[in-house]
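*Asks:* Okay, here's the structure, questions in a sec.
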Amino acid sequence: MLHPDELARRARRRVVELAARKAVHLGAALSMTDLLAVLYTRGLRYRPDRPDWTDRDLLVLSKGHGAYGLYAVLAELGVITTDLATLPGHPSDAVPGIEAATGALGHGLSLGCGMALGARLAGRDQRVVVVTGDGELDEGSNWEAAQFAAHHRLGNLLAVVDRNRLQQEGDTETVSALEPLADKWRAFGWRVAEADGHDTGAVTDALAVLRDGDGPAVLLAHTVKGKGVPFAEGDPAWHMGELDAAQRRTALAALDGPAATAPVLASARGELS
């Protein structure tokens with residue numbers, strides 16, 4: 001089993017190679033790659049060899065425009081074997097490993113609430129993780145879902161907020177201020193942890209803290225939009241775009257540099273927990 005740092009690096013390479021072929025939401029895909037790498041190797045009960053395994057945990061990508069980041073991680077795990085360029089720009093449940101189709105932002109947490117409550121009513125020991133963007137928290141549907149989850153004490157529901165502080169129109173605090181974001185989640189009755197979203201050890205520790213407890217939990221993961229590609233990092237112009245040949249070379253050189261090397265971990269089990 002790949003170390004999450006190496007899984008994230010390889011997935012970023014896939015996204016960069018894809019962005020050299022077509023316009024993609026580059027920044028949104030790259031900011032959450034480390035989070036997805038940790039979730040699929042350390043946070044979810046999941047079997048890449050059996051993505052339809054009945055007892056798997058479920059992941060919903062609410063920030064659907066980052067779909068190619070999720071596709072890239074699933075491709076590295078062997079779940080997706082088709083050319084990523086042929087897949088839709090938002091998650092489709094027709095794609096192996098994708099649990100729910102998401103398009104309009106702000107609806108993923110509501111889907112997750114239904115999945116989490118459904119699992120509990122069915123007596124299944126199943127966790128549901130919803131990865132959201134911070135910009136989509138402008139949508140009131142998120143806070144209706146947050147209220148619903150707290151009311152029903154959905155302890156099997158985890159939200160992970162990709163807090164890169166940028167949305168299409170600019171800085172989140174300029175467009176519609178979210179802070180104090182942690183206090184808002186706590187006010188809605190959620191357990192809250194915060195971590196550097198690019199430090200896989202810190203993310204792993206935060207997920208462990210949130211794993212067991214009464215009621216829903218949220219991880220506020222502080223990230224950089226476009227992480228790993230220096231000229232795209234923190235630049236709202238790379239919300240979506242296509243790389244030219246020189247940009248592709250620069251991006252791949254950054255991802256393949258000495259600091260990008262991480263160990264590969266062997267695992268005798270197909271189940272991740």
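Just remember, in the structure tokens the first chain shown is A, the second B, etc., residues are 1-based per chain, and ligands are 1-based in the order shown.
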Determine, for each residue of stretch 23-110 of chain A having at least one atom at most 10 Å from an atom of stretch 160-171 of chain A, the closest pair of atoms and their separation in Å to one decimal, counting only C-alpha atoms; order by chain and ascending number, as JSON lines.
*Replies:*
```
{"residue": "A:Gly27", "atom": "CA", "partner": "A:Leu166", "partner_atom": "CA", "distance": 9.4}
{"residue": "A:Ala28", "atom": "CA", "partner": "A:Asn164", "partner_atom": "CA", "distance": 8.6}
{"residue": "A:Ser31", "atom": "CA", "partner": "A:Asn164", "partner_atom": "CA", "distance": 6.9}
{"residue": "A:Met32", "atom": "CA", "partner": "A:Asp162", "partner_atom": "CA", "distance": 6.2}
{"residue": "A:Thr33", "atom": "CA", "partner": "A:Asp162", "partner_atom": "CA", "distance": 9.9}
{"residue": "A:Leu35", "atom": "CA", "partner": "A:Asp162", "partner_atom": "CA", "distance": 8.3}
{"residue": "A:Leu36", "atom": "CA", "partner": "A:Val160", "partner_atom": "CA", "distance": 9.9}
{"residue": "A:Leu39", "atom": "CA", "partner": "A:Val160", "partner_atom": "CA", "distance": 10.0}
{"residue": "A:Leu61", "atom": "CA", "partner": "A:Val160", "partner_atom": "CA", "distance": 9.7}
{"residue": "A:Ser62", "atom": "CA", "partner": "A:Val161", "partner_atom": "CA", "distance": 9.8}
{"residue": "A:Lys63", "atom": "CA", "partner": "A:Asp162", "partner_atom": "CA", "distance": 8.8}
```
*Asks:* Using only C-alpha atoms, which residue out of A:Lys225, A:Arg249, A:Arg50, A:Arg10 lies closest to A:Gly135?
*Replies:*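 Smallest separation from A:Gly135 among the options: A:Lys225.
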*Asks:* I'd like the neighbourhood of A:Ala101 as an NGL selection string, where a residue qualifies if any of its atoms comes within 9 Å (using only C-alpha atoms), though same-chain residues fewer than 4 positions away should be ignored.
*Replies:* :A and (60-62 or 64 or 90-94 or 108)
*Asks:* Fewer than 4 positions away in the same chain doesn't count, so skip those; otherwise give me all residues within 6 Å of stretch 194-204 of chain A, counting only C-alpha atoms, as an mmCIF file with N, CA, C and O atoms, in the first residue's frame.
*Replies:*
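Generated output (selection-v1.cif):
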```
data_model
loop_
_atom_site.group_PDB
_atom_site.id
_atom_site.type_symbol
_atom_site.label_atom_id
_atom_site.label_comp_id
_atom_site.auth_asym_id
_atom_site.auth_seq_id
_atom_site.Cartn_x
_atom_site.Cartn_y
_atom_site.Cartn_z
ATOM 1 N N ASP A 34 -3.942 15.568 -0.818
ATOM 2 C CA ASP A 34 -3.398 14.949 0.393
ATOM 3 C C ASP A 34 -4.509 14.430 1.293
ATOM 4 O O ASP A 34 -4.376 13.369 1.915
ATOM 5 N N LEU A 219 -13.596 18.161 10.100
ATOM 6 C CA LEU A 219 -12.189 18.524 10.057
ATOM 7 C C LEU A 219 -12.028 19.725 9.143
ATOM 8 O O LEU A 219 -12.386 19.673 7.972
ATOM 9 N N LEU A 220 -11.518 20.814 9.696
ATOM 10 C CA LEU A 220 -11.189 21.987 8.897
ATOM 11 C C LEU A 220 -9.727 21.842 8.479
ATOM 12 O O LEU A 220 -8.816 21.992 9.293
ATOM 13 N N ALA A 221 -9.536 21.499 7.210
ATOM 14 C CA ALA A 221 -8.197 21.232 6.692
ATOM 15 C C ALA A 221 -7.682 22.462 5.956
ATOM 16 O O ALA A 221 -8.219 22.835 4.906
ATOM 17 N N HIS A 222 -6.676 23.084 6.504
ATOM 18 C CA HIS A 222 -6.132 24.314 5.929
ATOM 19 C C HIS A 222 -5.183 23.949 4.789
ATOM 20 O O HIS A 222 -4.161 23.286 4.998
ATOM 21 N N THR A 223 -5.543 24.361 3.585
ATOM 22 C CA THR A 223 -4.826 23.947 2.381
ATOM 23 C C THR A 223 -4.467 25.143 1.508
ATOM 24 O O THR A 223 -4.866 26.277 1.781
#
```
*Asks:* As a PyMOL selection string, please: the residues near A:Val79 (cut-off 8 Å, only C-alpha atoms, same-chain neighbours under 4 positions excluded).
*Replies:* chain A and resi 48-49+51+74-75+96-97
*Asks:* Could you give me the residues within stretch 37-246 of chain A that DSSP places in strand (DSSP E), as number ranges by chain?
*Replies:* A: 58-61, 128-133, 157-163, 166-167, 170-171, 191-196, 217-222
*Asks:* With N, CA and C atoms retained, could you export that selection as an mmCIF file, in the first residue's frame?
*Replies:*
```cif
data_model
loop_
_atom_site.group_PDB
_atom_site.id
_atom_site.type_symbol
_atom_site.label_atom_id
_atom_site.label_comp_id
_atom_site.auth_asym_id
_atom_site.auth_seq_id
_atom_site.Cartn_x
_atom_site.Cartn_y
_atom_site.Cartn_z
ATOM 1 N N LEU A 58 -18.266 5.223 3.023
ATOM 2 C CA LEU A 58 -18.661 5.969 1.832
ATOM 3 C C LEU A 58 -18.021 7.356 1.819
ATOM 4 N N LEU A 59 -17.561 7.780 0.663
ATOM 5 C CA LEU A 59 -17.036 9.137 0.509
ATOM 6 C C LEU A 59 -17.828 9.861 -0.573
ATOM 7 N N VAL A 60 -18.322 11.042 -0.216
ATOM 8 C CA VAL A 60 -19.053 11.899 -1.147
ATOM 9 C C VAL A 60 -18.211 13.150 -1.388
ATOM 10 N N LEU A 61 -17.908 13.425 -2.640
ATOM 11 C CA LEU A 61 -17.171 14.648 -2.977
ATOM 12 C C LEU A 61 -18.181 15.734 -3.285
ATOM 13 N N VAL A 128 -19.697 7.727 6.861
ATOM 14 C CA VAL A 128 -19.858 8.530 5.661
ATOM 15 C C VAL A 128 -18.989 9.769 5.803
ATOM 16 N N VAL A 129 -18.142 10.011 4.817
ATOM 17 C CA VAL A 129 -17.269 11.185 4.796
ATOM 18 C C VAL A 129 -17.688 12.068 3.630
ATOM 19 N N VAL A 130 -17.900 13.343 3.901
ATOM 20 C CA VAL A 130 -18.260 14.306 2.867
ATOM 21 C C VAL A 130 -17.141 15.342 2.773
ATOM 22 N N VAL A 131 -16.517 15.438 1.610
ATOM 23 C CA VAL A 131 -15.462 16.420 1.384
ATOM 24 C C VAL A 131 -16.083 17.641 0.717
ATOM 25 N N THR A 132 -16.010 18.764 1.393
ATOM 26 C CA THR A 132 -16.604 19.995 0.876
ATOM 27 C C THR A 132 -15.519 21.034 0.597
ATOM 28 N N GLY A 133 -15.845 21.966 -0.273
ATOM 29 C CA GLY A 133 -15.011 23.141 -0.428
ATOM 30 C C GLY A 133 -15.439 24.186 0.584
ATOM 31 N N LEU A 157 -21.016 10.364 10.731
ATOM 32 C CA LEU A 157 -20.856 11.339 9.656
ATOM 33 C C LEU A 157 -19.674 12.255 9.950
ATOM 34 N N LEU A 158 -18.787 12.377 8.966
ATOM 35 C CA LEU A 158 -17.645 13.279 9.064
ATOM 36 C C LEU A 158 -17.629 14.191 7.853
ATOM 37 N N ALA A 159 -17.500 15.483 8.086
ATOM 38 C CA ALA A 159 -17.281 16.444 7.006
ATOM 39 C C ALA A 159 -15.808 16.852 7.020
ATOM 40 N N VAL A 160 -15.221 16.943 5.849
ATOM 41 C CA VAL A 160 -13.845 17.439 5.715
ATOM 42 C C VAL A 160 -13.913 18.669 4.823
ATOM 43 N N VAL A 161 -13.574 19.814 5.380
ATOM 44 C CA VAL A 161 -13.638 21.070 4.636
ATOM 45 C C VAL A 161 -12.259 21.399 4.076
ATOM 46 N N ASP A 162 -12.177 21.478 2.763
ATOM 47 C CA ASP A 162 -10.945 21.883 2.080
ATOM 48 C C ASP A 162 -10.857 23.404 2.179
ATOM 49 N N ARG A 163 -10.196 23.869 3.235
ATOM 50 C CA ARG A 163 -10.175 25.301 3.559
ATOM 51 C C ARG A 163 -8.997 25.979 2.857
ATOM 52 N N LEU A 166 -10.029 30.160 -1.140
ATOM 53 C CA LEU A 166 -10.291 30.750 -2.452
ATOM 54 C C LEU A 166 -11.512 30.108 -3.087
ATOM 55 N N GLN A 167 -12.304 30.911 -3.764
ATOM 56 C CA GLN A 167 -13.377 30.401 -4.599
ATOM 57 C C GLN A 167 -13.299 31.134 -5.930
ATOM 58 N N GLY A 170 -12.841 34.856 -5.898
ATOM 59 C CA GLY A 170 -11.750 35.446 -5.140
ATOM 60 C C GLY A 170 -11.641 34.854 -3.752
ATOM 61 N N ASP A 171 -11.062 35.609 -2.826
ATOM 62 C CA ASP A 171 -10.878 35.159 -1.456
ATOM 63 C C ASP A 171 -12.228 34.958 -0.765
ATOM 64 N N ARG A 191 -18.551 18.337 16.508
ATOM 65 C CA ARG A 191 -17.204 18.234 17.049
ATOM 66 C C ARG A 191 -16.232 18.711 15.970
ATOM 67 N N VAL A 192 -15.222 19.485 16.350
ATOM 68 C CA VAL A 192 -14.359 20.162 15.373
ATOM 69 C C VAL A 192 -12.890 19.896 15.657
ATOM 70 N N ALA A 193 -12.143 19.637 14.602
ATOM 71 C CA ALA A 193 -10.680 19.605 14.676
ATOM 72 C C ALA A 193 -10.147 20.391 13.487
ATOM 73 N N GLU A 194 -8.924 20.888 13.625
ATOM 74 C CA GLU A 194 -8.270 21.620 12.541
ATOM 75 C C GLU A 194 -6.886 21.027 12.310
ATOM 76 N N ALA A 195 -6.428 21.060 11.061
ATOM 77 C CA ALA A 195 -5.107 20.522 10.730
ATOM 78 C C ALA A 195 -4.594 21.147 9.453
ATOM 79 N N ASP A 196 -3.282 21.082 9.276
ATOM 80 C CA ASP A 196 -2.658 21.425 8.004
ATOM 81 C C ASP A 196 -3.060 20.330 7.024
ATOM 82 N N ALA A 217 -18.955 15.130 13.146
ATOM 83 C CA ALA A 217 -17.651 15.772 13.327
ATOM 84 C C ALA A 217 -17.213 16.419 12.024
ATOM 85 N N VAL A 218 -16.361 17.426 12.147
ATOM 86 C CA VAL A 218 -15.842 18.114 10.970
ATOM 87 C C VAL A 218 -14.356 18.393 11.152
ATOM 88 N N LEU A 219 -13.596 18.161 10.100
ATOM 89 C CA LEU A 219 -12.189 18.524 10.057
ATOM 90 C C LEU A 219 -12.028 19.725 9.143
ATOM 91 N N LEU A 220 -11.518 20.814 9.696
ATOM 92 C CA LEU A 220 -11.189 21.987 8.897
ATOM 93 C C LEU A 220 -9.727 21.842 8.479
ATOM 94 N N ALA A 221 -9.536 21.499 7.210
ATOM 95 C CA ALA A 221 -8.197 21.232 6.692
ATOM 96 C C ALA A 221 -7.682 22.462 5.956
ATOM 97 N N HIS A 222 -6.676 23.084 6.504
ATOM 98 C CA HIS A 222 -6.132 24.314 5.929
ATOM 99 C C HIS A 222 -5.183 23.949 4.789
#
```
*Asks:* If you count only C-alpha atoms, which residues fall within 10 Å of stretch 136-152 of chain A, apart from same-chain ones fewer than 6 positions away, as a PyMOL selection string?
*Replies:* chain A and resi 62-63+104-114+116-117+158-159+161+167+172+175-178+181+184-191+214-218
*Asks:* Could you state the separation of atom CA of A:Ala246 and atom CA of A:Gly89 in Å, given to one decimal place?
*Replies:*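 Interatomic distance, atom CA of A:Ala246 to atom CA of A:Gly89: 24.2 Å.
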*Asks:* Among stretch 27-247 of chain A, which ones does DSSP assign to alpha helix (DSSP H) (computed from the backbone)? Answer as a ChimeraX atom specification.
*Replies:* /A:27-31,33-38,67-76,108-121,140-151,172-175,181-187,200-211,245-247
